[in-house]
Amino acid sequence: MKKLLFLILVSLLSSMVNEASACTTFIISGKYTPDGRPILYKHRDTGTLDNALIYFTDGKYPYIGLVDATAEGKSMVWGGYNSAGFAIMNSAAYNNNIGDTTKLLDHEGILMKMALQQCATLADFEKLLTDLPKPLGVDANFGVIDAAGGAAYYETGQQGFKKIDANDPAIAPFGYVIRTNHSFTGVIDKGSGYIRYATASNALYMAAAMNKLEPQYLINNVSRNLTHSLTKVNLREGIPADNRQPAFRSFDDFIPRNSTAAVIMVVGVKNGEDAANTMMWTVLGFPLVTVVVPVWLSAGKELPRLMSMKADFHAPLCDAAMKLKSLCFPIKRGSGYKYINLAEVINAERTGIMQLIEPVENEIFLKTNDLVAHMPEGRNRNIAIQEHYRWLDSYITESYFILFGINVE
């Protein structure tokens, strides 16, 4: 009886881990993007839904990191990039350490912070993984890009890693590599995220076919993807008439899910280009209810106020997203978190939250793309970006108050 109870408990804990750490990630070689710049993308799922951005200066290179909005958040980083143009993120793998009994676990955030502090290239990261004492305390797919055009995954377990090169056409014939929650070099059919992998694969295949491997299209068609690759359900079809009556739909094994906390997308530089042109688009909070915001390391330590960790460790835009997300998942008891009130997200009257923020985000992309196309050099770059930050803070704050009556502060 005790053994049976133990097995049930292990099963429940395993399902909770898979639900909370259901990240969907990919890297794209700059050889295949419209502008020639590589992309590193992480759709983050976690049990810590409050996230924030921090500008760090505690290593060889300054870096921007996505962190948990907690007192301990600064000790681990869940994706970001540094001043050398080196960027890293991860997805939990769950199948690199099958049978391993090592008790050292969950060091992925520590390792990524260490990499951002001291690595400039893929070779530096490989050396770090090789030189660190074993066991590493990880079971992950680490996605990495650098300013020299490098783009690769490192499927990493306790004792070592295997490199998956996105620049190798034999491995990535369309220029991208996707990883959810299993490693391809790990134990087959173990791990999780197989349905989300298929969904992301479908989305990226179409993006590549249409030459749309670019930020705005990727955000809308990956992190706001409402199709289910197994059941063939498309929540954008047969949408509710309005948001005056709840319209619940099962929301399990889509890419966005109740546990989605953030999205980061690092756009690197062409080989030989100044690493200062590297930038990162970030969604704080549930992506169906919040806008994406750009940040640059080259602008200095002051990030947009709405994305930065306050004294209470929270970021204002993430707090606003949490309020809006609660309208989408109003059932808090039992399995209610698996059911989304679709009427609050999209409806025929176009009063859904995602529909209302769309023009706001379109304006953000329009002005940001114009800035990138005409980015000044040197000190004038800093001035231009800081001015853009002030506009972003003001525009988003005003928009959320007008649209939702929320004070983003």
# chains A, B, ... in the order shown; residues from 1 in each chain; ligands from 1

$ residues_around --residues "Arg390 of chain A" --least-positions-apart "3" --cutoff "10 Å" --atoms "only C-alpha atoms" --output "ChimeraX atom specification"
/A:303-305,385-387,393-395

$ residues_around --residues "Lys60 of chain A" --least-positions-apart "3" --cutoff "8 Å" --atoms "only C-alpha atoms" --output "JSON, numbers by chain"
{"A": [57, 117, 118]}

$ write_last_selection --atoms "N, CA and C atoms" --output "PDB file, in the first residue's frame"
ATOM      1  N   THR A  57      25.669  43.502 -14.200  1.00  0.00           N
ATOM      2  CA  THR A  57      27.072  43.873 -14.439  1.00  0.00           C
ATOM      3  C   THR A  57      27.986  43.082 -13.504  1.00  0.00           C
ATOM      4  N   GLN A 117      27.739  35.609 -18.070  1.00  0.00           N
ATOM      5  CA  GLN A 117      28.790  36.384 -17.407  1.00  0.00           C
ATOM      6  C   GLN A 117      30.128  36.289 -18.142  1.00  0.00           C
ATOM      7  N   GLN A 118      30.415  35.131 -18.773  1.00  0.00           N
ATOM      8  CA  GLN A 118      31.790  34.910 -19.233  1.00  0.00           C
ATOM      9  C   GLN A 118      31.959  34.410 -20.661  1.00  0.00           C
TER      10      GLN A 118
END

$ residues_around --residues "segment 133-140 of chain A" --least-positions-apart "2" --cutoff "9 Å" --atoms "only C-alpha atoms" --output "PyMOL selection string"
chain A and resi 90-97+102-108+111+129-131+142+154-160+181-183

$ write_last_selection --atoms "N, CA and C atoms" --output "JSON list (two decimals), in the first residue's frame"
[["chain", "number", "residue", "atom", "x", "y", "z"],
["A", 90, "ASN", "N", 17.01, 27.96, -22.53],
["A", 90, "ASN", "CA", 16.92, 26.52, -22.34],
["A", 90, "ASN", "C", 15.48, 26.03, -22.38],
["A", 91, "SER", "N", 15.36, 24.74, -22.57],
["A", 91, "SER", "CA", 14.11, 24.04, -22.25],
["A", 91, "SER", "C", 14.50, 22.80, -21.46],
["A", 92, "ALA", "N", 13.69, 22.46, -20.46],
["A", 92, "ALA", "CA", 13.95, 21.23, -19.70],
["A", 92, "ALA", "C", 13.81, 20.04, -20.65],
["A", 93, "ALA", "N", 14.66, 19.02, -20.48],
["A", 93, "ALA", "CA", 14.64, 17.90, -21.41],
["A", 93, "ALA", "C", 13.96, 16.65, -20.84],
["A", 94, "TYR", "N", 14.25, 16.27, -19.63],
["A", 94, "TYR", "CA", 13.63, 15.11, -18.97],
["A", 94, "TYR", "C", 14.06, 13.74, -19.52],
["A", 95, "ASN", "N", 14.97, 13.70, -20.49],
["A", 95, "ASN", "CA", 15.36, 12.36, -20.98],
["A", 95, "ASN", "C", 16.87, 12.22, -21.23],
["A", 96, "ASN", "N", 17.68, 13.13, -20.67],
["A", 96, "ASN", "CA", 19.13, 12.99, -20.80],
["A", 96, "ASN", "C", 19.75, 12.22, -19.65],
["A", 97, "ASN", "N", 19.04, 12.12, -18.54],
["A", 97, "ASN", "CA", 19.62, 11.50, -17.34],
["A", 97, "ASN", "C", 18.82, 10.30, -16.85],
["A", 102, "THR", "N", 22.03, 10.87, -9.44],
["A", 102, "THR", "CA", 22.66, 12.05, -8.85],
["A", 102, "THR", "C", 21.62, 12.98, -8.24],
["A", 103, "LYS", "N", 21.92, 13.50, -7.07],
["A", 103, "LYS", "CA", 20.96, 14.36, -6.38],
["A", 103, "LYS", "C", 21.12, 15.84, -6.77],
["A", 104, "LEU", "N", 22.20, 16.19, -7.45],
["A", 104, "LEU", "CA", 22.40, 17.57, -7.88],
["A", 104, "LEU", "C", 21.50, 17.86, -9.08],
["A", 105, "LEU", "N", 20.51, 18.75, -8.89],
["A", 105, "LEU", "CA", 19.49, 18.99, -9.91],
["A", 105, "LEU", "C", 19.19, 20.47, -10.05],
["A", 106, "ASP", "N", 18.52, 20.82, -11.13],
["A", 106, "ASP", "CA", 17.91, 22.14, -11.32],
["A", 106, "ASP", "C", 18.91, 23.29, -11.29],
["A", 107, "HIS", "N", 20.07, 23.08, -11.89],
["A", 107, "HIS", "CA", 21.09, 24.13, -11.96],
["A", 107, "HIS", "C", 21.09, 24.86, -13.31],
["A", 108, "GLU", "N", 20.04, 24.67, -14.11],
["A", 108, "GLU", "CA", 20.00, 25.27, -15.44],
["A", 108, "GLU", "C", 20.10, 26.80, -15.39],
["A", 111, "LEU", "N", 23.64, 27.85, -14.44],
["A", 111, "LEU", "CA", 24.59, 27.65, -15.53],
["A", 111, "LEU", "C", 24.42, 28.73, -16.59],
["A", 129, "LEU", "N", 31.04, 24.06, -20.49],
["A", 129, "LEU", "CA", 30.39, 22.79, -20.21],
["A", 129, "LEU", "C", 31.41, 21.68, -19.97],
["A", 130, "THR", "N", 32.51, 21.73, -20.72],
["A", 130, "THR", "CA", 33.55, 20.71, -20.60],
["A", 130, "THR", "C", 34.32, 20.84, -19.29],
["A", 131, "ASP", "N", 34.62, 22.08, -18.90],
["A", 131, "ASP", "CA", 35.48, 22.31, -17.74],
["A", 131, "ASP", "C", 34.75, 22.26, -16.41],
["A", 142, "PHE", "N", 20.08, 23.50, -24.20],
["A", 142, "PHE", "CA", 20.52, 24.90, -24.17],
["A", 142, "PHE", "C", 20.66, 25.41, -25.60],
["A", 154, "TYR", "N", 22.65, 22.57, -27.34],
["A", 154, "TYR", "CA", 23.51, 21.66, -26.60],
["A", 154, "TYR", "C", 22.60, 20.81, -25.71],
["A", 155, "GLU", "N", 22.39, 19.57, -26.13],
["A", 155, "GLU", "CA", 21.56, 18.65, -25.36],
["A", 155, "GLU", "C", 22.43, 18.12, -24.23],
["A", 156, "THR", "N", 22.11, 18.54, -23.01],
["A", 156, "THR", "CA", 23.06, 18.43, -21.90],
["A", 156, "THR", "C", 22.48, 17.67, -20.72],
["A", 157, "GLY", "N", 23.25, 16.70, -20.25],
["A", 157, "GLY", "CA", 22.89, 15.95, -19.05],
["A", 157, "GLY", "C", 23.94, 16.13, -17.97],
["A", 158, "GLN", "N", 23.90, 15.26, -16.99],
["A", 158, "GLN", "CA", 24.79, 15.39, -15.84],
["A", 158, "GLN", "C", 26.27, 15.29, -16.21],
["A", 159, "GLN", "N", 26.60, 14.47, -17.21],
["A", 159, "GLN", "CA", 28.01, 14.17, -17.49],
["A", 159, "GLN", "C", 28.55, 14.80, -18.76],
["A", 160, "GLY", "N", 27.69, 15.43, -19.58],
["A", 160, "GLY", "CA", 28.22, 15.99, -20.81],
["A", 160, "GLY", "C", 27.13, 16.51, -21.73],
["A", 181, "ASN", "N", 10.45, 19.61, -24.67],
["A", 181, "ASN", "CA", 10.91, 19.04, -23.40],
["A", 181, "ASN", "C", 11.43, 17.61, -23.52],
["A", 182, "HIS", "N", 12.16, 17.40, -24.60],
["A", 182, "HIS", "CA", 12.92, 16.17, -24.77],
["A", 182, "HIS", "C", 14.11, 16.48, -25.66],
["A", 183, "SER", "N", 15.18, 15.75, -25.47],
["A", 183, "SER", "CA", 16.36, 15.85, -26.32],
["A", 183, "SER", "C", 16.32, 14.75, -27.37]]

$ residues_around --residues "segment 32-37 of chain A" --least-positions-apart "3" --cutoff "6 Å" --atoms "only C-alpha atoms" --output "ChimeraX atom specification"
/A:29,175,213,268-270

$ residues_around --residues "Ile88 of chain A" --least-positions-apart "5" --cutoff "9 Å" --atoms "only C-alpha atoms" --output "list of chain:residue names"
A:Leu40, A:Trp78, A:Gly79, A:Gly80, A:Tyr81, A:Met112, A:Ala115, A:Leu116, A:Phe142, A:Gly143, A:Val144, A:Ile145, A:Asp146, A:Val266

$ closest_residue --among "A:Ile357, A:Ala262, A:Met375, A:Ala87" --to "Ile64 of chain A" --atoms "only C-alpha atoms"
A:Ala87

$ closest_residue --among "A:Ile110, A:Leu284, A:Leu327, A:Ile353" --to "Ser308 of chain A" --atoms "only C-alpha atoms"
A:Leu284

$ select_by_dssp --residues "segment 223-284 of chain A" --states "strand (DSSP E or B)" --output "list in words"
Thr227, Asn234, Phe248, Arg249, Ser250, Thr260, Ala261, Ala262, Val263, Ile264, Met265, Val266, Val267, Met279, Met280, Trp281, Thr282, Val283 and Leu284 of chain A

$ residues_around --residues "segment 205-207 of chain A" --least-positions-apart "2" --cutoff "12 Å" --atoms "only C-alpha atoms" --output "VMD selection string"
chain A and resid 28 32 to 34 172 to 178 197 to 203 209 to 222

$ write_last_selection --atoms "C-alpha atoms" --output "PDB file, in the first residue's frame"
ATOM      1  CA  ILE A  28      17.117  30.024 -36.490  1.00  0.00           C
ATOM      2  CA  TYR A  32      17.665  31.710 -43.460  1.00  0.00           C
ATOM      3  CA  THR A  33      16.111  34.845 -41.945  1.00  0.00           C
ATOM      4  CA  PRO A  34      15.013  37.734 -44.196  1.00  0.00           C
ATOM      5  CA  ALA A 172      18.454  21.880 -40.171  1.00  0.00           C
ATOM      6  CA  PRO A 173      17.510  21.887 -43.880  1.00  0.00           C
ATOM      7  CA  PHE A 174      15.224  24.892 -43.389  1.00  0.00           C
ATOM      8  CA  GLY A 175      17.608  26.712 -41.067  1.00  0.00           C
ATOM      9  CA  TYR A 176      15.897  26.155 -37.736  1.00  0.00           C
ATOM     10  CA  VAL A 177      15.981  23.675 -34.862  1.00  0.00           C
ATOM     11  CA  ILE A 178      13.115  23.251 -32.387  1.00  0.00           C
ATOM     12  CA  TYR A 197       6.944  20.163 -30.931  1.00  0.00           C
ATOM     13  CA  ALA A 198       4.667  19.151 -33.818  1.00  0.00           C
ATOM     14  CA  THR A 199       2.661  22.369 -33.486  1.00  0.00           C
ATOM     15  CA  ALA A 200       5.795  24.522 -33.536  1.00  0.00           C
ATOM     16  CA  SER A 201       7.196  22.488 -36.428  1.00  0.00           C
ATOM     17  CA  ASN A 202       4.067  23.167 -38.494  1.00  0.00           C
ATOM     18  CA  ALA A 203       4.205  26.892 -37.692  1.00  0.00           C
ATOM     19  CA  ALA A 209       8.037  28.650 -46.797  1.00  0.00           C
ATOM     20  CA  MET A 210       6.695  32.238 -46.842  1.00  0.00           C
ATOM     21  CA  ASN A 211      10.050  33.830 -45.875  1.00  0.00           C
ATOM     22  CA  LYS A 212       8.460  34.994 -42.622  1.00  0.00           C
ATOM     23  CA  LEU A 213      11.128  33.943 -40.116  1.00  0.00           C
ATOM     24  CA  GLU A 214      10.916  37.384 -38.531  1.00  0.00           C
ATOM     25  CA  PRO A 215       9.937  38.695 -35.059  1.00  0.00           C
ATOM     26  CA  GLN A 216       6.341  39.892 -35.468  1.00  0.00           C
ATOM     27  CA  TYR A 217       5.222  36.865 -37.448  1.00  0.00           C
ATOM     28  CA  LEU A 218       6.908  34.463 -35.030  1.00  0.00           C
ATOM     29  CA  ILE A 219       5.349  36.004 -31.921  1.00  0.00           C
ATOM     30  CA  ASN A 220       1.867  35.832 -33.433  1.00  0.00           C
ATOM     31  CA  ASN A 221       2.184  32.378 -34.938  1.00  0.00           C
ATOM     32  CA  VAL A 222       4.108  30.577 -32.207  1.00  0.00           C
TER      33      VAL A 222
END

$ closest_residue --among "A:Asp165, A:Asp312, A:Leu288, A:Trp281" --to "Asn225 of chain A" --atoms "only C-alpha atoms"
A:Leu288

$ residues_around --residues "segment 246-258 of chain A" --least-positions-apart "4" --cutoff "7 Å" --atoms "only C-alpha atoms" --output "tab-separated table (two decimals) with N, CA and C atoms, in the first residue's frame"
chain	number	residue	atom	x	y	z
A	24	THR	N	8.63	25.88	-25.02
A	24	THR	CA	8.76	25.63	-26.45
A	24	THR	C	9.82	26.59	-26.98
A	195	ILE	N	3.67	16.92	-28.59
A	195	ILE	CA	2.57	17.55	-29.32
A	195	ILE	C	2.91	19.00	-29.62
A	196	ARG	N	3.49	19.71	-28.64
A	196	ARG	CA	3.90	21.10	-28.88
A	196	ARG	C	5.02	21.18	-29.90
A	223	SER	N	3.87	31.92	-30.18
A	223	SER	CA	3.40	32.14	-28.81
A	223	SER	C	1.92	32.48	-28.72
A	224	ARG	N	1.30	32.82	-29.86
A	224	ARG	CA	-0.15	33.03	-29.88
A	224	ARG	C	-0.83	32.02	-30.79
A	225	ASN	N	-0.18	30.90	-30.93
A	225	ASN	CA	-0.70	29.82	-31.77
A	225	ASN	C	-1.85	29.12	-31.04
A	226	LEU	N	-3.01	29.05	-31.66
A	226	LEU	CA	-4.18	28.46	-31.01
A	226	LEU	C	-4.62	27.18	-31.72
A	227	THR	N	-3.65	26.49	-32.35
A	227	THR	CA	-3.96	25.20	-32.97
A	227	THR	C	-3.34	24.07	-32.16
A	228	HIS	N	-3.96	22.91	-32.28
A	228	HIS	CA	-3.50	21.71	-31.57
A	228	HIS	C	-3.13	20.68	-32.62
A	240	PRO	N	-16.44	32.72	-30.27
A	240	PRO	CA	-17.67	33.23	-29.65
A	240	PRO	C	-18.12	34.55	-30.28
A	337	TYR	N	-7.91	25.39	-14.34
A	337	TYR	CA	-6.81	26.04	-15.04
A	337	TYR	C	-6.60	25.48	-16.45
A	338	LYS	N	-7.19	24.33	-16.75
A	338	LYS	CA	-7.04	23.73	-18.07
A	338	LYS	C	-8.08	24.25	-19.07
A	339	TYR	N	-8.95	25.16	-18.63
A	339	TYR	CA	-10.03	25.64	-19.48
A	339	TYR	C	-9.99	27.15	-19.60
A	340	ILE	N	-9.91	27.63	-20.83
A	340	ILE	CA	-9.80	29.06	-21.08
A	340	ILE	C	-11.15	29.61	-21.52
A	341	ASN	N	-11.47	30.80	-21.01
A	341	ASN	CA	-12.67	31.50	-21.47
A	341	ASN	C	-12.30	32.21	-22.76
A	342	LEU	N	-12.52	31.54	-23.87
A	342	LEU	CA	-12.07	32.05	-25.17
A	342	LEU	C	-12.72	33.38	-25.52
A	343	ALA	N	-13.92	33.61	-25.01
A	343	ALA	CA	-14.62	34.87	-25.33
A	343	ALA	C	-13.85	36.09	-24.85

$ select_by_dssp --residues "segment 161-385 of chain A" --states "helix (DSSP H, G or I)" --output "ChimeraX atom specification"
/A:194-209,215-223,275-277,297-299,305-307,316-328,336-338,342-345,353-373,379-385

$ closest_residue --among "A:Leu204, A:Ile98, A:Val292, A:Ile396" --to "Gly191 of chain A" --atoms "only C-alpha atoms"
A:Ile98
